[in-house]
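Text of target-v9.pdb (PDB, C-alpha atoms) as supplied:
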```
ATOM      1  CA  MET A  28     127.810   1.760 -16.193
ATOM      2  CA  PHE A  29     125.124   4.410 -16.525
ATOM      3  CA  GLU A  30     121.331   4.384 -16.460
ATOM      4  CA  LEU A  31     118.559   5.559 -18.774
ATOM      5  CA  GLN A  32     114.925   5.627 -17.683
ATOM      6  CA  GLN A  33     111.599   6.162 -19.448
ATOM      7  CA  GLN A  34     108.116   6.344 -17.922
ATOM      8  CA  ILE A  35     105.098   5.792 -20.173
ATOM      9  CA  ILE A  36     101.630   6.541 -18.807
ATOM     10  CA  THR A  37      98.805   4.908 -20.717
ATOM     11  CA  LYS A  38      96.565   7.458 -22.398
ATOM     12  CA  ASP A  39      93.402   5.690 -21.263
ATOM     13  CA  ASP A  40      93.954   5.397 -17.537
ATOM     14  CA  ASP A  41      96.476   7.231 -15.367
ATOM     15  CA  LYS A  42      95.758   4.660 -12.629
ATOM     16  CA  ALA A  43      96.572   1.660 -14.811
ATOM     17  CA  PRO A  44      98.894  -1.037 -13.412
ATOM     18  CA  VAL A  45     102.540  -0.088 -13.843
ATOM     19  CA  VAL A  46     104.970  -2.536 -15.429
ATOM     20  CA  HIS A  47     108.452  -2.093 -13.966
ATOM     21  CA  LEU A  48     111.087  -3.331 -16.404
ATOM     22  CA  ARG A  49     114.798  -3.398 -15.622
ATOM     23  CA  LEU A  50     117.146  -4.298 -18.496
ATOM     24  CA  ALA A  51     120.890  -4.364 -19.155
ATOM     25  CA  LEU A  52     122.310  -3.339 -22.525
ATOM     26  CA  LEU A  53     125.757  -4.686 -23.416
ATOM     27  CA  ALA A  54     127.032  -1.827 -25.589
ATOM     28  CA  CYS A  55     129.412  -2.934 -28.339
ATOM     29  CA  GLU A  56     130.216   0.274 -30.264
ATOM     30  CA  ASN A  57     131.998   3.427 -29.088
ATOM     31  CA  HIS A  58     131.906   5.453 -32.299
ATOM     32  CA  PRO A  59     129.153   7.229 -34.238
ATOM     33  CA  PRO A  60     126.919   6.768 -36.059
ATOM     34  CA  TYR A  61     125.779   3.673 -34.113
ATOM     35  CA  GLY A  62     127.693   4.560 -30.970
ATOM     36  CA  PRO A  63     128.587   5.836 -28.478
ATOM     37  CA  PRO A  64     126.844   3.591 -25.931
ATOM     38  CA  ARG A  65     124.438   6.329 -24.778
ATOM     39  CA  HIS A  66     123.161   6.758 -28.331
ATOM     40  CA  THR A  67     122.800   3.007 -28.817
ATOM     41  CA  ALA A  68     120.857   2.673 -25.581
ATOM     42  CA  GLN A  69     118.623   5.612 -26.440
ATOM     43  CA  LEU A  70     117.648   3.892 -29.706
ATOM     44  CA  PHE A  71     116.449   0.815 -27.820
ATOM     45  CA  LEU A  72     114.760   2.814 -25.084
ATOM     46  CA  GLU A  73     112.795   4.682 -27.765
ATOM     47  CA  LEU A  74     111.914   1.375 -29.444
ATOM     48  CA  LEU A  75     110.536   0.013 -26.163
ATOM     49  CA  HIS A  76     108.786   3.332 -25.509
ATOM     50  CA  GLN A  77     106.937   3.171 -28.820
ATOM     51  CA  VAL A  78     106.023  -0.482 -28.327
ATOM     52  CA  ALA A  79     104.684   0.386 -24.860
ATOM     53  CA  LEU A  80     102.433   3.043 -26.410
ATOM     54  CA  LEU A  81     100.588   0.226 -28.213
ATOM     55  CA  ASP A  82      99.386  -1.051 -24.817
ATOM     56  CA  ASN A  83      96.328   0.781 -23.477
ATOM     57  CA  LEU A  84      96.065  -1.418 -20.374
ATOM     58  CA  HIS A  85      99.373  -0.692 -18.618
ATOM     59  CA  SER A  86     101.768   2.093 -17.833
ATOM     60  CA  TYR A  87     105.496   1.419 -17.940
ATOM     61  CA  ASP A  88     108.596   2.333 -15.992
ATOM     62  CA  ILE A  89     111.589   1.159 -18.043
ATOM     63  CA  ILE A  90     115.179   1.326 -16.797
ATOM     64  CA  ILE A  91     118.170   0.342 -18.916
ATOM     65  CA  HIS A  92     121.606  -0.046 -17.352
ATOM     66  CA  VAL A  93     124.278   0.362 -20.006
ATOM     67  CA  TYR A  94     127.540  -1.592 -19.799
ATOM     68  CA  ASN A  95     130.402  -0.899 -22.213
ATOM     69  CA  VAL A  96     131.655  -4.398 -22.973
ATOM     70  CA  ILE A  97     134.507  -3.025 -25.109
ATOM     71  CA  ALA A  98     135.911  -1.791 -21.776
ATOM     72  CA  GLU A  99     134.878  -5.213 -20.356
ATOM     73  CA  GLU A 100     132.149  -3.757 -18.159
ATOM     74  CA  TYR A 101     129.599  -6.376 -17.136
ATOM     75  CA  PRO A 102     126.898  -6.708 -14.483
ATOM     76  CA  THR A 103     128.080  -7.952 -11.127
ATOM     77  CA  ASP A 104     124.687  -9.541 -10.509
ATOM     78  CA  TRP A 105     122.996 -10.678 -13.719
ATOM     79  CA  SER A 106     119.935 -11.865 -11.787
ATOM     80  CA  GLU A 107     118.846  -8.292 -10.983
ATOM     81  CA  TYR A 108     117.746  -7.789 -14.612
ATOM     82  CA  GLN A 109     114.630  -9.089 -16.328
ATOM     83  CA  GLY A 110     116.364  -9.115 -19.675
ATOM     84  CA  PHE A 111     119.364  -8.196 -21.795
ATOM     85  CA  ILE A 112     120.000  -6.407 -25.080
ATOM     86  CA  VAL A 113     123.014  -7.210 -27.243
ATOM     87  CA  PRO A 114     123.079  -4.500 -29.951
ATOM     88  CA  GLY A 115     125.025  -3.794 -33.131
ATOM     89  CA  SER A 116     128.655  -2.903 -33.750
ATOM     90  CA  PHE A 117     131.068  -2.316 -36.624
ATOM     91  CA  ALA A 118     133.165  -5.159 -35.163
ATOM     92  CA  ALA A 119     133.026  -8.767 -36.378
ATOM     93  CA  ALA A 120     131.759 -11.542 -34.119
ATOM     94  CA  TYR A 121     134.473 -13.918 -35.399
ATOM     95  CA  ASP A 122     137.359 -11.528 -34.626
ATOM     96  CA  THR A 123     139.765 -12.390 -31.819
ATOM     97  CA  ASP A 124     139.950  -9.027 -30.049
ATOM     98  CA  PRO A 125     140.035  -9.680 -26.280
ATOM     99  CA  TRP A 126     136.702  -7.923 -25.643
ATOM    100  CA  ILE A 127     134.963  -9.991 -28.354
ATOM    101  CA  LEU A 128     136.316 -13.262 -26.946
ATOM    102  CA  ALA A 129     135.252 -12.119 -23.466
ATOM    103  CA  LEU A 130     131.750 -11.240 -24.677
ATOM    104  CA  ARG A 131     131.305 -14.633 -26.307
ATOM    105  CA  LYS A 132     132.276 -16.294 -23.018
ATOM    106  CA  GLN A 133     129.962 -14.050 -20.988
ATOM    107  CA  LEU A 134     127.036 -14.836 -23.285
ATOM    108  CA  GLN A 135     127.530 -18.555 -22.802
ATOM    109  CA  THR A 136     128.119 -18.292 -19.039
ATOM    110  CA  HIS A 137     125.330 -15.900 -18.133
ATOM    111  CA  ILE A 138     122.771 -15.796 -20.959
ATOM    112  CA  VAL A 139     122.766 -19.293 -22.443
ATOM    113  CA  ALA A 140     123.457 -21.323 -19.292
ATOM    114  CA  ASN A 141     120.702 -19.495 -17.391
ATOM    115  CA  GLU A 142     118.320 -18.959 -20.335
ATOM    116  CA  ARG A 143     118.051 -15.244 -19.581
ATOM    117  CA  PRO A 144     115.559 -13.350 -21.797
ATOM    118  CA  THR A 145     117.606 -11.575 -24.455
ATOM    119  CA  LEU A 146     117.105  -9.470 -27.565
ATOM    120  CA  ALA A 147     120.107  -9.452 -29.913
ATOM    121  CA  VAL A 148     120.475  -7.299 -33.030
ATOM    122  CA  CYS A 149     122.887  -7.373 -36.009
ATOM    123  CA  PHE A 150     126.332  -7.854 -34.402
ATOM    124  CA  GLY A 151     124.448  -9.151 -31.355
ATOM    125  CA  HIS A 152     122.628 -11.646 -33.602
ATOM    126  CA  GLN A 153     125.961 -12.764 -35.041
ATOM    127  CA  ILE A 154     127.930 -13.019 -31.810
ATOM    128  CA  MET A 155     125.113 -14.885 -30.093
ATOM    129  CA  ALA A 156     125.409 -17.570 -32.764
ATOM    130  CA  HIS A 157     129.216 -17.471 -32.815
ATOM    131  CA  SER A 158     129.395 -17.892 -29.025
ATOM    132  CA  PHE A 159     128.399 -21.524 -29.748
ATOM    133  CA  PHE A 160     131.312 -21.991 -32.200
ATOM    134  CA  PRO A 161     131.805 -24.386 -33.925
ATOM    135  CA  ASP A 162     128.126 -25.387 -33.558
ATOM    136  CA  GLY A 163     127.124 -21.813 -34.396
ATOM    137  CA  GLN A 164     129.050 -19.554 -36.728
ATOM    138  CA  ALA A 165     129.088 -16.016 -38.127
ATOM    139  CA  SER A 166     131.011 -15.180 -41.282
ATOM    140  CA  LYS A 167     131.739 -12.398 -43.744
ATOM    141  CA  MET A 168     129.282 -11.964 -46.588
ATOM    142  CA  PRO A 169     130.408 -11.776 -50.232
ATOM    143  CA  TYR A 170     128.788  -8.321 -50.312
ATOM    144  CA  ALA A 171     127.453  -5.776 -47.834
ATOM    145  CA  ARG A 172     123.918  -4.468 -47.896
ATOM    146  CA  ALA A 173     121.910  -1.686 -46.288
ATOM    147  CA  GLY A 174     118.385  -0.342 -46.526
ATOM    148  CA  ARG A 175     114.974  -2.004 -46.556
ATOM    149  CA  TYR A 176     114.643  -5.711 -47.256
ATOM    150  CA  GLU A 177     111.735  -8.088 -46.925
ATOM    151  CA  VAL A 178     111.987 -10.896 -44.368
ATOM    152  CA  THR A 179     110.043 -13.885 -45.674
ATOM    153  CA  ASN A 180     109.385 -17.522 -44.803
ATOM    154  CA  VAL A 181     108.670 -16.754 -41.149
ATOM    155  CA  PRO A 182     107.213 -20.009 -39.777
ATOM    156  CA  GLU A 183     103.639 -20.049 -38.519
ATOM    157  CA  ASP A 184     104.728 -21.342 -35.118
ATOM    158  CA  SER A 185     106.963 -18.324 -34.476
ATOM    159  CA  CYS A 186     105.767 -15.642 -32.089
ATOM    160  CA  LEU A 187     105.967 -12.870 -34.689
ATOM    161  CA  GLY A 188     102.372 -12.980 -35.943
ATOM    162  CA  THR A 189     103.242 -12.629 -39.627
ATOM    163  CA  ASN A 190     104.996 -14.650 -42.298
ATOM    164  CA  SER A 191     106.688 -11.661 -43.940
ATOM    165  CA  PHE A 192     107.522  -8.043 -43.155
ATOM    166  CA  SER A 193     110.107  -5.397 -44.062
ATOM    167  CA  GLN A 194     113.031  -4.300 -41.884
ATOM    168  CA  PHE A 195     115.984  -1.942 -42.169
ATOM    169  CA  PHE A 196     119.430  -3.528 -42.431
ATOM    170  CA  SER A 197     123.082  -2.451 -42.499
ATOM    171  CA  HIS A 198     125.616  -5.271 -42.381
ATOM    172  CA  GLY A 199     128.546  -7.003 -44.029
ATOM    173  CA  ASP A 200     128.510 -10.200 -41.925
ATOM    174  CA  CYS A 201     125.828 -12.805 -41.340
ATOM    175  CA  VAL A 202     124.980 -15.896 -39.319
ATOM    176  CA  GLU A 203     126.030 -18.868 -41.412
ATOM    177  CA  LYS A 204     125.132 -21.615 -38.958
ATOM    178  CA  LEU A 205     122.982 -21.987 -35.841
ATOM    179  CA  PRO A 206     123.475 -24.454 -32.992
ATOM    180  CA  LYS A 207     120.957 -27.268 -32.665
ATOM    181  CA  THR A 208     119.241 -25.433 -29.809
ATOM    182  CA  ALA A 209     118.243 -22.556 -32.116
ATOM    183  CA  ALA A 210     115.820 -22.210 -35.022
ATOM    184  CA  ALA A 211     115.829 -19.862 -38.005
ATOM    185  CA  TRP A 212     112.657 -17.795 -38.211
ATOM    186  CA  GLY A 213     113.008 -16.010 -41.525
ATOM    187  CA  CYS A 214     115.001 -15.320 -44.659
ATOM    188  CA  SER A 215     115.298 -12.421 -47.105
ATOM    189  CA  ASP A 216     118.279 -13.498 -49.173
ATOM    190  CA  PRO A 217     119.407 -16.993 -50.261
ATOM    191  CA  HIS A 218     122.984 -16.046 -49.358
ATOM    192  CA  ILE A 219     121.958 -15.072 -45.802
ATOM    193  CA  PRO A 220     120.294 -18.157 -44.337
ATOM    194  CA  VAL A 221     119.398 -16.770 -40.891
ATOM    195  CA  GLN A 222     117.656 -13.407 -40.644
ATOM    196  CA  ILE A 223     115.939 -14.120 -37.329
ATOM    197  CA  ALA A 224     116.937 -16.752 -34.772
ATOM    198  CA  ALA A 225     115.182 -18.151 -31.717
ATOM    199  CA  TYR A 226     117.193 -19.907 -28.989
ATOM    200  CA  TYR A 227     115.586 -22.525 -26.768
ATOM    201  CA  GLY A 228     116.445 -24.221 -23.511
ATOM    202  CA  PRO A 229     116.608 -28.029 -23.334
ATOM    203  CA  SER A 230     113.003 -28.467 -22.186
ATOM    204  CA  SER A 231     111.302 -25.235 -23.226
ATOM    205  CA  SER A 232     109.000 -24.477 -26.159
ATOM    206  CA  THR A 233     109.416 -20.716 -25.636
ATOM    207  CA  PRO A 234     112.667 -19.064 -26.737
ATOM    208  CA  TYR A 235     114.783 -17.252 -24.182
ATOM    209  CA  CYS A 236     116.603 -15.289 -26.882
ATOM    210  CA  ILE A 237     115.315 -13.801 -30.133
ATOM    211  CA  SER A 238     117.862 -12.241 -32.473
ATOM    212  CA  PHE A 239     117.551 -10.174 -35.648
ATOM    213  CA  GLN A 240     120.046  -9.544 -38.414
ATOM    214  CA  ALA A 241     118.063  -6.343 -39.056
ATOM    215  CA  HIS A 242     117.868  -3.242 -36.867
ATOM    216  CA  PRO A 243     114.288  -2.801 -35.602
ATOM    217  CA  GLU A 244     115.522   0.200 -33.600
ATOM    218  CA  TYR A 245     116.345   2.130 -36.791
ATOM    219  CA  ALA A 246     112.679   2.463 -37.722
ATOM    220  CA  THR A 247     111.693   4.433 -34.617
ATOM    221  CA  GLU A 248     113.859   7.438 -35.544
ATOM    222  CA  ASP A 249     111.806  10.063 -37.398
ATOM    223  CA  THR A 250     114.809  11.113 -39.498
ATOM    224  CA  LEU A 251     116.350   7.629 -39.973
ATOM    225  CA  GLY A 252     119.566   9.350 -38.904
ATOM    226  CA  THR A 253     121.360   6.274 -37.590
ATOM    227  CA  LEU A 254     120.522   4.175 -40.647
ATOM    228  CA  GLN A 255     121.702   6.959 -42.960
ATOM    229  CA  GLY A 256     124.851   7.465 -40.889
ATOM    230  CA  CYS A 257     125.708   3.765 -41.147
ATOM    231  CA  MET A 258     125.010   3.852 -44.875
ATOM    232  CA  ASP A 259     127.278   6.903 -45.186
ATOM    233  CA  ALA A 260     130.057   4.959 -43.455
ATOM    234  CA  MET A 261     129.508   1.944 -45.700
ATOM    235  CA  LYS A 262     129.613   4.106 -48.836
ATOM    236  CA  GLU A 263     132.806   5.787 -47.618
ATOM    237  CA  ARG A 264     134.378   2.353 -47.152
ATOM    238  CA  LYS A 265     133.123   1.411 -50.646
ATOM    239  CA  ALA A 266     130.978  -1.358 -49.190
ATOM    240  CA  LEU A 267     128.032   0.338 -50.939
ATOM    241  CA  SER A 268     128.152   1.898 -54.388
ATOM    242  CA  THR A 269     126.805   5.405 -54.876
ATOM    243  CA  GLU A 270     123.946   3.968 -56.929
ATOM    244  CA  GLU A 271     123.028   1.431 -54.242
ATOM    245  CA  TYR A 272     123.274   4.110 -51.579
ATOM    246  CA  ASP A 273     120.989   6.547 -53.408
ATOM    247  CA  GLN A 274     118.396   3.911 -54.297
ATOM    248  CA  GLN A 275     118.240   2.369 -50.850
ATOM    249  CA  LEU A 276     118.147   5.673 -48.986
ATOM    250  CA  GLN A 277     115.333   6.974 -51.169
ATOM    251  CA  ASP A 278     113.403   3.731 -50.667
ATOM    252  CA  ALA A 279     113.975   3.813 -46.886
ATOM    253  CA  HIS A 280     112.441   7.263 -46.564
ATOM    254  CA  ALA A 281     109.551   6.388 -48.875
ATOM    255  CA  THR A 282     108.648   3.231 -46.910
ATOM    256  CA  HIS A 283     109.579   4.417 -43.423
ATOM    257  CA  THR A 284     106.036   4.753 -42.052
ATOM    258  CA  ALA A 285     105.003   1.261 -43.151
ATOM    259  CA  VAL A 286     108.250  -0.359 -41.972
ATOM    260  CA  LYS A 287     107.963   1.333 -38.586
ATOM    261  CA  ALA A 288     104.373   0.151 -38.084
ATOM    262  CA  ALA A 289     105.235  -3.444 -39.027
ATOM    263  CA  ASN A 290     108.327  -3.511 -36.818
ATOM    264  CA  LEU A 291     106.473  -2.180 -33.784
ATOM    265  CA  GLN A 292     103.869  -4.935 -34.084
ATOM    266  CA  VAL A 293     106.571  -7.593 -34.456
ATOM    267  CA  MET A 294     108.578  -6.193 -31.542
ATOM    268  CA  ARG A 295     105.475  -6.107 -29.374
ATOM    269  CA  ARG A 296     105.170  -9.849 -29.815
ATOM    270  CA  VAL A 297     108.902 -10.314 -29.220
ATOM    271  CA  VAL A 298     108.943  -8.479 -25.891
ATOM    272  CA  GLN A 299     105.807 -10.313 -24.795
ATOM    273  CA  THR A 300     107.417 -13.655 -25.670
ATOM    274  CA  LEU A 301     110.549 -12.698 -23.718
ATOM    275  CA  GLY A 302     108.332 -11.859 -20.735
ATOM    276  CA  TRP A 303     109.298  -8.179 -20.668
ATOM    277  CA  PHE A 304     105.804  -6.885 -21.429
ATOM    278  CA  PRO A 305     102.558  -8.532 -20.282
ATOM    279  CA  THR A 306     100.228 -10.025 -22.887
ATOM    280  CA  THR A 307      96.960  -9.071 -21.163
ATOM    281  CA  GLN A 308      95.712  -7.119 -18.183
ATOM    282  CA  GLU A 309      95.474 -10.286 -16.127
ATOM    283  CA  THR A 310      98.783 -11.957 -17.006
ATOM    284  CA  ALA A 311     102.427 -11.052 -17.100
ATOM    285  CA  GLY A 312     105.474 -12.772 -18.474
ATOM    286  CA  PRO A 313     108.049 -14.644 -16.364
ATOM    287  CA  GLY A 314     109.737 -12.313 -13.897
ATOM    288  CA  GLN A 315     107.462  -9.413 -14.818
ATOM    289  CA  GLN A 316     106.804  -6.974 -11.980
ATOM    290  CA  ILE A 317     103.422  -5.224 -12.006
ATOM    291  CA  ALA A 318     102.352  -2.728  -9.386
ATOM    292  CA  SER A 319      98.842  -1.390  -8.931
TER     293      SER A 319
END
```
In structure tokens, how does this file's structure come out?
Amino acid sequence: MFELQQQIITKDDDKAPVVHLRLALLACENHPPYGPPRHTAQLFLELLHQVALLDNLHSYDIIIHVYNVIAEEYPTDWSEYQGFIVPGSFAAAYDTDPWILALRKQLQTHIVANERPTLAVCFGHQIMAHSFFPDGQASKMPYARAGRYEVTNVPEDSCLGTNSFSQFFSHGDCVEKLPKTAAAWGCSDPHIPVQIAAYYGPSSSTPYCISFQAHPEYATEDTLGTLQGCMDAMKERKALSTEEYDQQLQDAHATHTAVKAANLQVMRRVVQTLGWFPTTQETAGPGQQIAS
């Protein structure tokens, strides 16, 4: 385990209340371009940093402890964290590698059973669903895709504040089925029924886990280096044709500014719903620690 930390001082008031946020990231990829774990964690720390900059009422002190679950590293005390991040990987959630089976069990034991606030992305989105197997299931897609795609049909009662927005994707698997305790919050392809999922406890109207098939963390990189690196790998494996690669990469750079702005607004609402960031000066989410 290692630690990353970021302090963000609001531009309007250097004496603003400080939000102390302590998260655990369950790193699932050792190899570039998405790995190693330090790179993965840095992507999410930068995402949270840029979301925090949208808040002029608070300063932030964000700590992420990074556990390499491929080496079966896990927290000894899950209750010391206010939330968890389950990121992407080139692995498949339905594979039977020992670390994948262990991760599915850990998610059910520690995240689901205790309704711990969690953000899951791509592989994380898939393995969260597949940890409920057979009630939830991830599967291989008939084709891979990467680049910018529109997420549509977001329900009005979601926390996202919009019914459609663009995100950056790179994946060859998808969530085929959700358990009854989860709801689909958006679609961008008729062959991929679940682009965003929200998981609920038995008696709660607020989700404890929100998962994305897309990679909101891609958009915060100025160069889109991780997205392009993953697209390079997919083209090398012939999962993307040269024509698809060229078209999607050109489109990603052309739309980057707009996609980034939309994703930051959506993620702001996500982290507020999960209780990681406060919604106003007077209130904070569950478990949120604010110091004067």
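Minimum distance to A:Pro114 across A:Leu31, A:Leu48, A:Ala241, A:Val221 (counting all atoms listed in the file) occurs at A:Ala241.
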Pull the closest atom pair for each residue of stretch 50-125 of chain A that gets at most 10 Å from stretch 187-208 of chain A, along with the distance in Å to one decimal, counting all atoms listed in the file, ordering rows by chain and then ascending residue number, as a Markdown table.
```
| residue | atom | partner | partner_atom | distance |
| --- | --- | --- | --- | --- |
| A:Gly115 | CA | A:His198 | CA | 9.4 |
| A:Ser116 | CA | A:His198 | CA | 9.5 |
| A:Phe117 | CA | A:His198 | CA | 8.5 |
| A:Ala118 | CA | A:Asp200 | CA | 9.6 |
| A:Ala119 | CA | A:Asp200 | CA | 7.3 |
| A:Ala120 | CA | A:Asp200 | CA | 8.6 |
| A:Tyr121 | CA | A:Asp200 | CA | 9.6 |
```
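Here the PyMOL selection byres ((chain A and resi 105) around 9) catches exactly these residues: Ala51, Tyr101, Pro102, Thr103, Asp104, Ser106, Glu107, Tyr108, Gln109, His137, Ile138 and Arg143 of chain A.
Nearest to A:Tyr227 of all the residues A:Gly151, A:Phe239, A:Tyr245, A:Asn141 is A:Asn141, counting only C-alpha atoms.
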Counting only C-alpha atoms, which residues have an atom no more than 12 Å from (107.2, 8.6, -28.4) in the file's coordinates? Please list them as a ChimeraX atom specification.
/A:33-37,69-70,72-81,247-249
From A:Val178, A:Ile90, A:Ile127, A:Leu84, residue lying nearest A:Ala54 [all atoms listed in the file]
A:Ile127
8 Å contact set for A:Met28, all atoms listed in the file, chain neighbours under 3 positions out, as a PyMOL selection string
chain A and resi 92-95+100
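You can rank A:His280, A:Lys287, A:Lys265, A:Arg65 by their closest distance to A:His242 using only C-alpha atoms, and at the top of that list sits A:Lys287.
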If the PyMOL selection byres ((chain A and resi 59) around 12) is run on the structure shown, which residues does it catch, given as a count of residues only?
24
Counting only C-alpha atoms, what is within 10 Å of A:Pro125, bar same-chain residues fewer than 4 positions away, as a ChimeraX atom specification?
/A:97-99,129-130
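A straight line drawn from atom CA of A:His218 to atom CA of A:Gly174 is 16.6 Å long.
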Let me know the residues the PyMOL selection byres ((chain A and resi 113) around 9) catches in the file above, as a PDB file with C-alpha atoms, in the frame of the given file.
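Result file is result_35.pdb:
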```pdb
ATOM      1  CA  ALA A  51     120.890  -4.364 -19.155  1.00  0.00           C
ATOM      2  CA  LEU A  52     122.310  -3.339 -22.525  1.00  0.00           C
ATOM      3  CA  LEU A  53     125.757  -4.686 -23.416  1.00  0.00           C
ATOM      4  CA  ALA A  54     127.032  -1.827 -25.589  1.00  0.00           C
ATOM      5  CA  CYS A  55     129.412  -2.934 -28.339  1.00  0.00           C
ATOM      6  CA  PHE A 111     119.364  -8.196 -21.795  1.00  0.00           C
ATOM      7  CA  ILE A 112     120.000  -6.407 -25.080  1.00  0.00           C
ATOM      8  CA  PRO A 114     123.079  -4.500 -29.951  1.00  0.00           C
ATOM      9  CA  GLY A 115     125.025  -3.794 -33.131  1.00  0.00           C
ATOM     10  CA  THR A 145     117.606 -11.575 -24.455  1.00  0.00           C
ATOM     11  CA  LEU A 146     117.105  -9.470 -27.565  1.00  0.00           C
ATOM     12  CA  ALA A 147     120.107  -9.452 -29.913  1.00  0.00           C
ATOM     13  CA  VAL A 148     120.475  -7.299 -33.030  1.00  0.00           C
ATOM     14  CA  CYS A 149     122.887  -7.373 -36.009  1.00  0.00           C
ATOM     15  CA  PHE A 150     126.332  -7.854 -34.402  1.00  0.00           C
ATOM     16  CA  GLY A 151     124.448  -9.151 -31.355  1.00  0.00           C
ATOM     17  CA  HIS A 152     122.628 -11.646 -33.602  1.00  0.00           C
ATOM     18  CA  ILE A 154     127.930 -13.019 -31.810  1.00  0.00           C
ATOM     19  CA  MET A 155     125.113 -14.885 -30.093  1.00  0.00           C
ATOM     20  CA  SER A 238     117.862 -12.241 -32.473  1.00  0.00           C
TER      21      SER A 238
END
```
Closest of A:Ser158, A:Leu251, A:Gln32, A:Cys236 to A:Thr284, counting all atoms listed in the file, is A:Leu251
Could you tell me how far atom CA of A:Asp122 sits from atom CA of A:Lys167, in Å to one decimal place?
10.7 Å
Pick the closest to A:Ile223 from A:Thr269, A:Asn180, A:Gln299, A:Thr123: which is it, counting only C-alpha atoms?
A:Asn180
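Going from atom CA of A:Arg296 over to atom CA of A:Ala279, you cover 23.6 Å.
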